[in-house]
$ cat upload28.cif   # mmCIF, C-alpha atoms (C1' of nucleotides)
data_data
#
loop_
_atom_site.group_PDB
_atom_site.id
_atom_site.type_symbol
_atom_site.label_atom_id
_atom_site.label_comp_id
_atom_site.auth_asym_id
_atom_site.auth_seq_id
_atom_site.Cartn_x
_atom_site.Cartn_y
_atom_site.Cartn_z
ATOM 1 C CA MET M 1 31.694 -15.150 -2.190
ATOM 2 C CA TYR M 2 28.304 -16.736 -2.620
ATOM 3 C CA SER M 3 25.687 -16.650 -5.329
ATOM 4 C CA HIS M 4 22.393 -14.943 -4.683
ATOM 5 C CA ARG M 5 20.775 -18.338 -4.691
ATOM 6 C CA GLU M 6 23.123 -19.693 -2.048
ATOM 7 C CA ILE M 7 22.547 -16.690 0.214
ATOM 8 C CA GLU M 8 18.823 -17.133 -0.328
ATOM 9 C CA SER M 9 19.101 -20.775 0.782
ATOM 10 C CA PHE M 10 21.075 -19.800 3.847
ATOM 11 C CA LEU M 11 18.572 -17.089 4.835
ATOM 12 C CA LYS M 12 15.627 -19.420 4.292
ATOM 13 C CA ALA M 13 17.302 -22.094 6.421
ATOM 14 C CA ILE M 14 17.748 -19.761 9.387
ATOM 15 C CA GLY M 15 14.695 -17.560 8.784
ATOM 16 C CA GLU M 16 12.204 -19.473 10.880
ATOM 17 C CA GLU M 17 11.346 -18.911 14.509
ATOM 18 C CA THR M 18 11.957 -22.456 15.778
ATOM 19 C CA ARG M 19 15.229 -22.778 13.896
ATOM 20 C CA LEU M 20 16.375 -19.398 15.211
ATOM 21 C CA ARG M 21 15.763 -20.629 18.751
ATOM 22 C CA MET M 22 17.667 -23.845 18.013
ATOM 23 C CA ILE M 23 20.596 -21.906 16.617
ATOM 24 C CA ALA M 24 20.627 -19.628 19.652
ATOM 25 C CA TYR M 25 20.810 -22.652 21.965
ATOM 26 C CA LEU M 26 23.473 -24.253 19.816
ATOM 27 C CA THR M 27 25.745 -21.228 20.176
ATOM 28 C CA ILE M 28 25.855 -22.139 23.904
ATOM 29 C CA ASP M 29 26.152 -25.908 23.856
ATOM 30 C CA THR M 30 25.399 -29.174 22.086
ATOM 31 C CA PHE M 31 21.853 -30.548 22.274
ATOM 32 C CA CYS M 32 20.025 -33.740 21.464
ATOM 33 C CA VAL M 33 16.588 -34.029 19.887
ATOM 34 C CA CYS M 34 14.700 -34.818 23.084
ATOM 35 C CA GLU M 35 16.213 -31.766 24.769
ATOM 36 C CA PHE M 36 14.917 -29.524 22.019
ATOM 37 C CA VAL M 37 11.518 -31.198 22.348
ATOM 38 C CA GLU M 38 11.463 -30.105 25.998
ATOM 39 C CA LEU M 39 13.039 -26.685 25.535
ATOM 40 C CA LEU M 40 10.915 -25.639 22.574
ATOM 41 C CA GLN M 41 7.766 -27.552 23.532
ATOM 42 C CA MET M 42 7.286 -29.031 20.099
ATOM 43 C CA SER M 43 6.637 -32.510 18.748
ATOM 44 C CA GLN M 44 9.604 -34.783 18.093
ATOM 45 C CA PRO M 45 8.973 -35.085 14.342
ATOM 46 C CA SER M 46 8.784 -31.325 14.028
ATOM 47 C CA ILE M 47 12.074 -30.898 15.876
ATOM 48 C CA SER M 48 13.722 -33.589 13.750
ATOM 49 C CA GLN M 49 12.576 -31.937 10.560
ATOM 50 C CA HIS M 50 13.865 -28.526 11.574
ATOM 51 C CA LEU M 51 17.207 -30.093 12.472
ATOM 52 C CA ARG M 52 17.308 -31.813 9.115
ATOM 53 C CA ARG M 53 16.749 -28.448 7.426
ATOM 54 C CA LEU M 54 19.704 -26.963 9.293
ATOM 55 C CA LYS M 55 21.774 -30.039 8.519
ATOM 56 C CA GLU M 56 21.001 -29.785 4.802
ATOM 57 C CA ALA M 57 22.223 -26.207 4.941
ATOM 58 C CA GLU M 58 25.382 -27.657 6.527
ATOM 59 C CA LEU M 59 25.038 -25.280 9.464
ATOM 60 C CA ILE M 60 25.011 -28.068 12.052
ATOM 61 C CA LYS M 61 26.692 -31.428 12.567
ATOM 62 C CA GLU M 62 25.247 -34.504 14.219
ATOM 63 C CA GLU M 63 26.946 -37.080 16.379
ATOM 64 C CA ARG M 64 25.389 -40.213 17.792
ATOM 65 C CA ARG M 65 26.101 -41.087 21.430
ATOM 66 C CA GLY M 66 24.315 -44.298 22.313
ATOM 67 C CA LYS M 67 20.605 -43.830 21.870
ATOM 68 C CA TRP M 68 20.943 -40.093 21.506
ATOM 69 C CA VAL M 69 21.907 -37.944 18.571
ATOM 70 C CA PHE M 70 23.586 -34.707 19.520
ATOM 71 C CA TYR M 71 23.654 -31.673 17.289
ATOM 72 C CA SER M 72 26.209 -28.895 17.281
ATOM 73 C CA LEU M 73 26.950 -25.815 15.210
ATOM 74 C CA ASP M 74 29.543 -26.125 12.490
ATOM 75 C CA ARG M 75 31.629 -23.165 13.543
ATOM 76 C CA THR M 76 33.845 -23.551 10.484
ATOM 77 C CA HIS M 77 30.974 -22.722 8.143
ATOM 78 C CA PRO M 78 31.772 -19.578 6.120
ATOM 79 C CA MET M 79 28.452 -18.070 7.190
ATOM 80 C CA TYR M 80 29.156 -18.603 10.880
ATOM 81 C CA PRO M 81 30.142 -14.972 11.565
ATOM 82 C CA LEU M 82 26.946 -13.802 9.891
ATOM 83 C CA LEU M 83 25.020 -16.366 11.910
ATOM 84 C CA LEU M 84 26.472 -14.930 15.113
ATOM 85 C CA HIS M 85 25.506 -11.451 13.962
ATOM 86 C CA VAL M 86 21.915 -12.646 13.651
ATOM 87 C CA VAL M 87 21.944 -14.437 17.003
ATOM 88 C CA ASN M 88 23.206 -11.271 18.660
ATOM 89 C CA MET M 89 20.016 -9.518 17.568
ATOM 90 C CA LEU M 90 17.889 -12.096 19.391
ATOM 91 C CA PRO M 91 16.676 -11.791 22.976
ATOM 92 C CA PRO M 92 18.804 -13.675 25.521
ATOM 93 C CA LEU M 93 17.811 -17.277 26.165
ATOM 94 C CA GLU M 94 14.967 -17.348 28.659
ATOM 95 C CA GLU M 95 16.090 -20.719 29.986
ATOM 96 C CA ASN M 96 19.528 -20.878 31.520
ATOM 97 C CA VAL M 97 21.231 -23.912 30.084
ATOM 98 C CA GLN M 98 23.038 -24.448 33.401
ATOM 99 C CA SER M 99 19.690 -24.849 35.166
ATOM 100 C CA PHE M 100 19.091 -28.280 33.720
ATOM 101 C CA ILE M 101 22.540 -29.655 34.295
ATOM 102 C CA VAL M 102 22.533 -31.469 37.639
ATOM 103 C CA ASP M 103 25.523 -33.379 38.969
ATOM 104 C CA GLY M 104 27.233 -32.847 35.650
ATOM 105 C CA LYS M 105 24.538 -34.442 33.509
ATOM 106 C CA ARG M 106 21.478 -33.341 31.599
ATOM 107 C CA ILE M 107 18.097 -33.891 33.159
ATOM 108 C CA LEU M 108 15.801 -33.083 30.277
ATOM 109 C CA CYS M 109 15.621 -36.519 28.650
ATOM 110 C CA GLU M 110 14.770 -39.849 30.298
ATOM 111 C CA MET X 1 16.751 -6.331 20.744
ATOM 112 C CA TYR X 2 14.209 -8.098 18.584
ATOM 113 C CA SER X 3 11.854 -10.987 19.130
ATOM 114 C CA HIS X 4 12.446 -14.230 17.294
ATOM 115 C CA ARG X 5 9.361 -13.496 15.263
ATOM 116 C CA GLU X 6 10.643 -10.085 14.190
ATOM 117 C CA ILE X 7 14.007 -11.506 13.146
ATOM 118 C CA GLU X 8 12.159 -14.225 11.249
ATOM 119 C CA SER X 9 10.139 -11.555 9.405
ATOM 120 C CA PHE X 10 13.277 -9.640 8.551
ATOM 121 C CA LEU X 11 15.063 -12.742 7.260
ATOM 122 C CA LYS X 12 12.053 -13.809 5.211
ATOM 123 C CA ALA X 13 11.814 -10.314 3.713
ATOM 124 C CA ILE X 14 15.410 -10.355 2.494
ATOM 125 C CA GLY X 15 15.707 -14.127 1.913
ATOM 126 C CA GLU X 16 14.688 -14.210 -1.726
ATOM 127 C CA GLU X 17 16.910 -13.983 -4.756
ATOM 128 C CA THR X 18 15.194 -11.088 -6.514
ATOM 129 C CA ARG X 19 14.943 -9.054 -3.329
ATOM 130 C CA LEU X 20 18.598 -9.714 -2.537
ATOM 131 C CA ARG X 21 19.510 -8.306 -5.943
ATOM 132 C CA MET X 22 17.293 -5.266 -5.355
ATOM 133 C CA ILE X 23 18.874 -4.642 -1.984
ATOM 134 C CA ALA X 24 22.352 -4.943 -3.477
ATOM 135 C CA TYR X 25 21.499 -2.315 -6.105
ATOM 136 C CA LEU X 26 19.907 -0.083 -3.484
ATOM 137 C CA THR X 27 23.112 -0.005 -1.460
ATOM 138 C CA ILE X 28 24.628 1.811 -4.464
ATOM 139 C CA ASP X 29 21.885 4.185 -5.523
ATOM 140 C CA THR X 30 18.169 4.918 -5.702
ATOM 141 C CA PHE X 31 16.103 3.124 -8.338
ATOM 142 C CA CYS X 32 12.646 3.334 -9.844
ATOM 143 C CA VAL X 33 10.411 0.409 -10.725
ATOM 144 C CA CYS X 34 11.060 0.477 -14.469
ATOM 145 C CA GLU X 35 14.806 0.394 -13.866
ATOM 146 C CA PHE X 36 14.464 -2.773 -11.805
ATOM 147 C CA VAL X 37 12.304 -4.246 -14.553
ATOM 148 C CA GLU X 38 15.217 -3.736 -16.967
ATOM 149 C CA LEU X 39 18.020 -4.679 -14.588
ATOM 150 C CA LEU X 40 16.397 -7.828 -13.262
ATOM 151 C CA GLN X 41 14.510 -8.774 -16.425
ATOM 152 C CA MET X 42 11.263 -9.402 -14.618
ATOM 153 C CA SER X 43 7.665 -8.316 -15.121
ATOM 154 C CA GLN X 44 6.549 -4.998 -13.653
ATOM 155 C CA PRO X 45 3.953 -6.526 -11.312
ATOM 156 C CA SER X 46 6.512 -8.944 -9.951
ATOM 157 C CA ILE X 47 8.978 -6.118 -9.293
ATOM 158 C CA SER X 48 6.268 -4.021 -7.637
ATOM 159 C CA GLN X 49 5.281 -6.859 -5.382
ATOM 160 C CA HIS X 50 8.826 -7.531 -4.275
ATOM 161 C CA LEU X 51 9.274 -3.827 -3.519
ATOM 162 C CA ARG X 52 6.080 -3.852 -1.510
ATOM 163 C CA ARG X 53 7.428 -6.756 0.530
ATOM 164 C CA LEU X 54 10.590 -4.784 1.327
ATOM 165 C CA LYS X 55 8.504 -1.707 2.081
ATOM 166 C CA GLU X 56 6.294 -3.635 4.497
ATOM 167 C CA ALA X 57 9.455 -4.734 6.287
ATOM 168 C CA GLU X 58 10.317 -1.010 6.438
ATOM 169 C CA LEU X 59 13.663 -1.681 4.823
ATOM 170 C CA ILE X 60 13.078 0.737 1.953
ATOM 171 C CA LYS X 61 11.379 4.084 1.432
ATOM 172 C CA GLU X 62 9.563 5.314 -1.645
ATOM 173 C CA GLU X 63 9.431 8.776 -3.157
ATOM 174 C CA ARG X 64 7.396 9.875 -6.138
ATOM 175 C CA ARG X 65 9.063 12.082 -8.734
ATOM 176 C CA GLY X 66 6.582 12.888 -11.456
ATOM 177 C CA LYS X 67 5.484 9.684 -13.121
ATOM 178 C CA TRP X 68 8.183 7.678 -11.445
ATOM 179 C CA VAL X 69 8.422 6.203 -7.968
ATOM 180 C CA PHE X 70 11.941 5.900 -6.650
ATOM 181 C CA TYR X 71 12.948 3.493 -3.943
ATOM 182 C CA SER X 72 15.846 3.800 -1.548
ATOM 183 C CA LEU X 73 17.204 1.921 1.444
ATOM 184 C CA ASP X 74 16.243 3.159 4.871
ATOM 185 C CA ARG X 75 19.735 3.383 6.279
ATOM 186 C CA THR X 76 18.388 4.264 9.702
ATOM 187 C CA HIS X 77 16.733 0.855 10.073
ATOM 188 C CA PRO X 78 18.183 -0.990 13.081
ATOM 189 C CA MET X 79 18.858 -3.999 10.870
ATOM 190 C CA TYR X 80 20.817 -1.958 8.339
ATOM 191 C CA PRO X 81 24.255 -3.096 9.587
ATOM 192 C CA LEU X 82 23.138 -6.715 9.386
ATOM 193 C CA LEU X 83 21.764 -6.031 5.915
ATOM 194 C CA LEU X 84 25.158 -4.729 4.823
ATOM 195 C CA HIS X 85 26.791 -7.817 6.288
ATOM 196 C CA VAL X 86 24.556 -9.933 4.057
ATOM 197 C CA VAL X 87 25.151 -7.795 0.972
ATOM 198 C CA ASN X 88 28.895 -8.128 1.492
ATOM 199 C CA MET X 89 28.541 -11.882 1.052
ATOM 200 C CA LEU X 90 26.971 -11.410 -2.391
ATOM 201 C CA PRO X 91 28.879 -11.310 -5.667
ATOM 202 C CA PRO X 92 29.616 -7.801 -6.955
ATOM 203 C CA LEU X 93 26.966 -6.265 -9.207
ATOM 204 C CA GLU X 94 27.435 -7.560 -12.716
ATOM 205 C CA GLU X 95 26.050 -4.348 -14.200
ATOM 206 C CA ASN X 96 27.916 -1.206 -13.397
ATOM 207 C CA VAL X 97 25.368 1.368 -12.335
ATOM 208 C CA GLN X 98 27.486 4.106 -13.933
ATOM 209 C CA SER X 99 27.129 2.420 -17.312
ATOM 210 C CA PHE X 100 23.525 3.468 -17.730
ATOM 211 C CA ILE X 101 23.952 7.017 -16.596
ATOM 212 C CA VAL X 102 24.497 9.191 -19.661
ATOM 213 C CA ASP X 103 24.832 12.981 -19.524
ATOM 214 C CA GLY X 104 23.829 12.826 -15.877
ATOM 215 C CA LYS X 105 20.550 11.029 -16.398
ATOM 216 C CA ARG X 106 19.268 7.479 -16.399
ATOM 217 C CA ILE X 107 18.702 5.786 -19.717
ATOM 218 C CA LEU X 108 16.922 2.629 -18.633
ATOM 219 C CA CYS X 109 13.347 3.911 -18.721
ATOM 220 C CA GLU X 110 11.668 5.508 -21.755
ATOM 221 C "C1'" DC B 1 -10.744 16.377 -21.084
ATOM 222 C "C1'" DT B 2 -8.368 12.417 -23.161
ATOM 223 C "C1'" DA B 3 -4.620 9.497 -24.128
ATOM 224 C "C1'" DT B 4 -0.582 7.643 -22.403
ATOM 225 C "C1'" DC B 5 2.991 6.299 -19.299
ATOM 226 C "C1'" DA B 6 4.473 4.387 -14.716
ATOM 227 C "C1'" DT B 7 3.049 1.891 -11.022
ATOM 228 C "C1'" DA B 8 -0.132 -0.654 -7.924
ATOM 229 C "C1'" DT B 9 -3.492 -4.058 -6.936
ATOM 230 C "C1'" DA B 10 -6.241 -8.232 -7.383
ATOM 231 C "C1'" DA B 11 -7.233 -12.892 -8.837
ATOM 232 C "C1'" DT B 12 -5.403 -17.257 -10.010
ATOM 233 C "C1'" DC B 13 -2.303 -21.071 -9.778
ATOM 234 C "C1'" DA B 14 1.738 -24.009 -8.848
ATOM 235 C "C1'" DT B 15 5.215 -24.663 -5.424
ATOM 236 C "C1'" DT B 16 7.082 -24.530 -0.863
ATOM 237 C "C1'" DT B 17 6.635 -24.694 3.953
ATOM 238 C "C1'" DG B 18 5.598 -26.337 8.607
ATOM 239 C "C1'" DA B 19 2.590 -29.119 11.697
ATOM 240 C "C1'" DT B 20 0.531 -33.520 12.676
ATOM 241 C "C1'" DA B 21 -0.226 -38.456 12.702
ATOM 242 C "C1'" DA B 22 1.415 -42.762 11.587
ATOM 243 C "C1'" DT B 23 5.159 -45.667 10.765
ATOM 244 C "C1'" DA B 24 10.001 -47.095 10.274
ATOM 245 C "C1'" DT B 25 14.785 -47.411 11.815
ATOM 246 C "C1'" DG B 26 18.451 -48.029 14.996
ATOM 247 C "C1'" DA B 27 20.530 -48.655 19.457
ATOM 248 C "C1'" DT B 28 20.281 -50.477 24.111
ATOM 249 C "C1'" DA B 29 18.452 -53.210 28.119
ATOM 250 C "C1'" DG B 30 16.964 -57.396 29.840
ATOM 251 C "C1'" DC Y 1 15.714 -62.402 20.700
ATOM 252 C "C1'" DT Y 2 12.330 -59.049 22.351
ATOM 253 C "C1'" DA Y 3 10.854 -54.884 24.296
ATOM 254 C "C1'" DT Y 4 11.774 -50.233 24.701
ATOM 255 C "C1'" DC Y 5 13.691 -45.758 23.978
ATOM 256 C "C1'" DA Y 6 15.381 -42.060 20.771
ATOM 257 C "C1'" DT Y 7 15.177 -40.480 16.352
ATOM 258 C "C1'" DA Y 8 14.002 -40.385 11.369
ATOM 259 C "C1'" DT Y 9 10.890 -40.677 7.633
ATOM 260 C "C1'" DT Y 10 6.560 -40.522 5.158
ATOM 261 C "C1'" DA Y 11 1.997 -38.913 3.943
ATOM 262 C "C1'" DT Y 12 -1.320 -35.431 4.434
ATOM 263 C "C1'" DC Y 13 -3.048 -30.861 4.788
ATOM 264 C "C1'" DA Y 14 -3.430 -25.849 5.460
ATOM 265 C "C1'" DA Y 15 -1.054 -21.679 4.860
ATOM 266 C "C1'" DA Y 16 2.413 -18.811 2.654
ATOM 267 C "C1'" DT Y 17 5.003 -17.618 -1.444
ATOM 268 C "C1'" DG Y 18 6.069 -15.962 -6.089
ATOM 269 C "C1'" DA Y 19 4.860 -15.577 -11.057
ATOM 270 C "C1'" DT Y 20 1.426 -14.336 -14.373
ATOM 271 C "C1'" DT Y 21 -2.594 -12.089 -16.283
ATOM 272 C "C1'" DA Y 22 -5.834 -8.649 -16.102
ATOM 273 C "C1'" DT Y 23 -7.300 -4.454 -14.278
ATOM 274 C "C1'" DA Y 24 -7.082 -0.150 -11.606
ATOM 275 C "C1'" DT Y 25 -4.907 4.128 -10.090
ATOM 276 C "C1'" DG Y 26 -2.344 8.290 -10.598
ATOM 277 C "C1'" DA Y 27 0.457 11.658 -12.888
ATOM 278 C "C1'" DT Y 28 1.673 14.008 -17.137
ATOM 279 C "C1'" DA Y 29 1.367 15.504 -22.129
ATOM 280 C "C1'" DG Y 30 -1.303 17.298 -25.637
#

$ encode --input "upload28.cif" --output "structure tokens"
Amino acid sequence: MYSHREIESFLKAIGEETRLRMIAYLTIDTFCVCEFVELLQMSQPSISQHLRRLKEAELIKEERRGKWVFYSLDRTHPMYPLLLHVVNMLPPLEENVQSFIVDGKRILCE
Amino acid sequence: MYSHREIESFLKAIGEETRLRMIAYLTIDTFCVCEFVELLQMSQPSISQHLRRLKEAELIKEERRGKWVFYSLDRTHPMYPLLLHVVNMLPPLEENVQSFIVDGKRILCE
DNA sequence: CTATCATATAATCATTTGATAATATGATAG
DNA sequence: CTATCATATTATCAAATGATTATATGATAG
């Protein structure tokens, strides 16, 4: 059970177009910052700041792999089922994630 | 199916503490402005403006009865199931709505 | 008609938000 | 070590948000 303030924080964290798109992608796979820059056609600082917002809400986790930082959904978060409910109301992803995996690796960055 | 922008609008409409409380009350019963003023201990203009926000999102309907304007949830709204999902995450109403119904009528206003 | 009650609207202001530009950090390649 | 790539952080600014104050509207009581 959450306080009204906590639910407000959660809804504010996810209630933004760019972050909704990020969350939708993250239900499919793990992504790094530069991939979001390509997918969402936004500046790197803007992407980083949106990811930080989601991280502060503890909805996503980050993991560094070499030069890259990969983000993934925290599927153990108590709000995760509600998050999925929201994502299910969104249009399907226009980009097929498979389409930019070639020979088993991502082609969006570098 | 809704656009990202529409889902954003919906989440912004409900993602505020006062409006979450209003929505929680409205899942139980219909309320007029002066009742919300008492229940939420906020100024009348502030209450009116929050109700307008919910009305613009088409989440609630209004109905005038004499001097009073009563608001109710639009349970036919496509987002209504998601709204209930959110309300179910909230703490139970501290005030029992029954407690201010005496002899079949409301005692909060006048 | 006039006074009053309930509600709505408008103006103002402080705070938050999201984008951009500039800069800093941190890891890897050579 | 130095250069470079990926990401984070900071400062700045315009727009949105929510509370307050003052005022307007709209219905009812007398």

$ resolve_selection --input "upload28.cif" --expression "the PyMOL selection byres ((chain B) within 10 of (chain X))" --output "ChimeraX atom specification"
/B:5-9

$ closest_atom_pairs --input "upload28.cif" --of "chain Y" --to "chain X" --cutoff "10 Å" --atoms "all atoms listed in the file" --output "CSV"
residue,atom,partner,partner_atom,distance
Y:DG18,C1',X:Ser46,CA,8.0
Y:DA19,C1',X:Ser46,CA,6.9
Y:DT20,C1',X:Ser46,CA,8.6
Y:DT21,C1',X:Pro45,CA,9.9
Y:DG26,C1',X:Lys67,CA,8.3
Y:DA27,C1',X:Lys67,CA,5.4
Y:DT28,C1',X:Lys67,CA,7.0

$ residues_around --input "upload28.cif" --residues "Thr30 (chain M)" --least-positions-apart "6" --cutoff "9 Å" --atoms "all atoms listed in the file" --output "PyMOL selection string"
chain M and resi 70-73

$ resolve_selection --input "upload28.cif" --expression "the PyMOL selection byres ((chain M) within 10 of (chain X))" --output "VMD selection string"
chain M and resid 1 to 21 78 to 79 81 to 82 85 to 92

$ resolve_selection --input "upload28.cif" --expression "the PyMOL selection byres ((chain Y and resi 23) around 9)" --output "VMD selection string"
(chain B and resid 9 to 10) or (chain Y and resid 22 24)

$ residues_around --input "upload28.cif" --residues "region 11-13 of chain Y" --least-positions-apart "5" --cutoff "12 Å" --atoms "only C-alpha atoms (C1' of nucleotides)" --output "list in words"
DT17, DG18, DA19, DT20, DA21, DA22 and DT23 of chain B

$ closest_residue --input "upload28.cif" --among "Y:DA15, Y:DG30, Y:DA6, Y:DT25" --to "Glu35 (chain M)" --atoms "all atoms listed in the file"
Y:DA6

$ atom_distance --input "upload28.cif" --atom1 "CA of Arg75 (chain M)" --atom2 "CA of Thr27 (chain X)"
28.9 Å

$ residues_around --input "upload28.cif" --residues "DT25 (chain B)" --least-positions-apart "5" --cutoff "10 Å" --atoms "all atoms listed in the file" --output "list in words"
DT7, DA8 and DT9 of chain Y

$ atom_distance --input "upload28.cif" --atom1 "CA of Ala57 (chain M)" --atom2 "CA of Asp74 (chain M)"
10.5 Å

$ build_atoms --input "upload28.cif" --residues "region 28-56 of chain M" --atoms "N, CA and C atoms" --output "compact mmCIF listing (two decimals), in the coordinates of the input"
# COMPACT_ATOMS: atom_id res chain seq x y z
N ILE M 28 25.45 -21.95 22.50
CA ILE M 28 25.86 -22.14 23.90
C ILE M 28 26.42 -23.52 24.15
N ASP M 29 25.77 -24.53 23.56
CA ASP M 29 26.15 -25.91 23.86
C ASP M 29 25.65 -26.83 22.76
N THR M 30 25.86 -28.12 22.98
CA THR M 30 25.40 -29.17 22.09
C THR M 30 24.09 -29.71 22.66
N PHE M 31 23.15 -30.06 21.79
CA PHE M 31 21.85 -30.55 22.27
C PHE M 31 21.39 -31.75 21.49
N CYS M 32 20.62 -32.61 22.17
CA CYS M 32 20.02 -33.74 21.46
C CYS M 32 18.56 -33.43 21.18
N VAL M 33 17.95 -34.27 20.35
CA VAL M 33 16.59 -34.03 19.89
C VAL M 33 15.61 -33.90 21.05
N CYS M 34 15.69 -34.83 21.99
CA CYS M 34 14.70 -34.82 23.08
C CYS M 34 14.84 -33.58 23.95
N GLU M 35 16.04 -33.01 24.02
CA GLU M 35 16.21 -31.77 24.77
C GLU M 35 15.50 -30.61 24.07
N PHE M 36 15.63 -30.57 22.76
CA PHE M 36 14.92 -29.52 22.02
C PHE M 36 13.41 -29.70 22.16
N VAL M 37 12.95 -30.95 22.18
CA VAL M 37 11.52 -31.20 22.35
C VAL M 37 11.03 -30.55 23.64
N GLU M 38 11.83 -30.71 24.71
CA GLU M 38 11.46 -30.10 26.00
C GLU M 38 11.60 -28.59 25.97
N LEU M 39 12.75 -28.13 25.49
CA LEU M 39 13.04 -26.68 25.54
C LEU M 39 12.06 -25.89 24.69
N LEU M 40 11.73 -26.42 23.51
CA LEU M 40 10.92 -25.64 22.57
C LEU M 40 9.45 -26.06 22.61
N GLN M 41 9.16 -27.11 23.39
CA GLN M 41 7.77 -27.55 23.53
C GLN M 41 7.13 -27.82 22.18
N MET M 42 7.83 -28.66 21.40
CA MET M 42 7.29 -29.03 20.10
C MET M 42 7.39 -30.54 19.93
N SER M 43 6.63 -31.07 18.97
CA SER M 43 6.64 -32.51 18.75
C SER M 43 8.00 -32.96 18.24
N GLN M 44 8.31 -34.25 18.52
CA GLN M 44 9.60 -34.78 18.09
C GLN M 44 9.78 -34.76 16.57
N PRO M 45 8.76 -35.15 15.79
CA PRO M 45 8.97 -35.08 14.34
C PRO M 45 9.25 -33.66 13.85
N SER M 46 8.57 -32.71 14.44
CA SER M 46 8.78 -31.32 14.03
C SER M 46 10.22 -30.89 14.32
N ILE M 47 10.68 -31.22 15.52
CA ILE M 47 12.07 -30.90 15.88
C ILE M 47 13.04 -31.57 14.91
N SER M 48 12.82 -32.85 14.65
CA SER M 48 13.72 -33.59 13.75
C SER M 48 13.77 -32.96 12.37
N GLN M 49 12.61 -32.52 11.91
CA GLN M 49 12.58 -31.94 10.56
C GLN M 49 13.28 -30.59 10.50
N HIS M 50 13.14 -29.80 11.55
CA HIS M 50 13.86 -28.53 11.57
C HIS M 50 15.37 -28.77 11.63
N LEU M 51 15.77 -29.78 12.41
CA LEU M 51 17.21 -30.09 12.47
C LEU M 51 17.71 -30.57 11.11
N ARG M 52 16.89 -31.33 10.43
CA ARG M 52 17.31 -31.81 9.12
C ARG M 52 17.53 -30.64 8.16
N ARG M 53 16.63 -29.65 8.27
CA ARG M 53 16.75 -28.45 7.43
C ARG M 53 18.09 -27.75 7.69
N LEU M 54 18.43 -27.62 8.95
CA LEU M 54 19.70 -26.96 9.29
C LEU M 54 20.89 -27.81 8.86
N LYS M 55 20.70 -29.14 8.93
CA LYS M 55 21.77 -30.04 8.52
C LYS M 55 21.99 -29.96 7.02
N GLU M 56 20.89 -29.88 6.26
CA GLU M 56 21.00 -29.78 4.80
C GLU M 56 21.70 -28.49 4.38
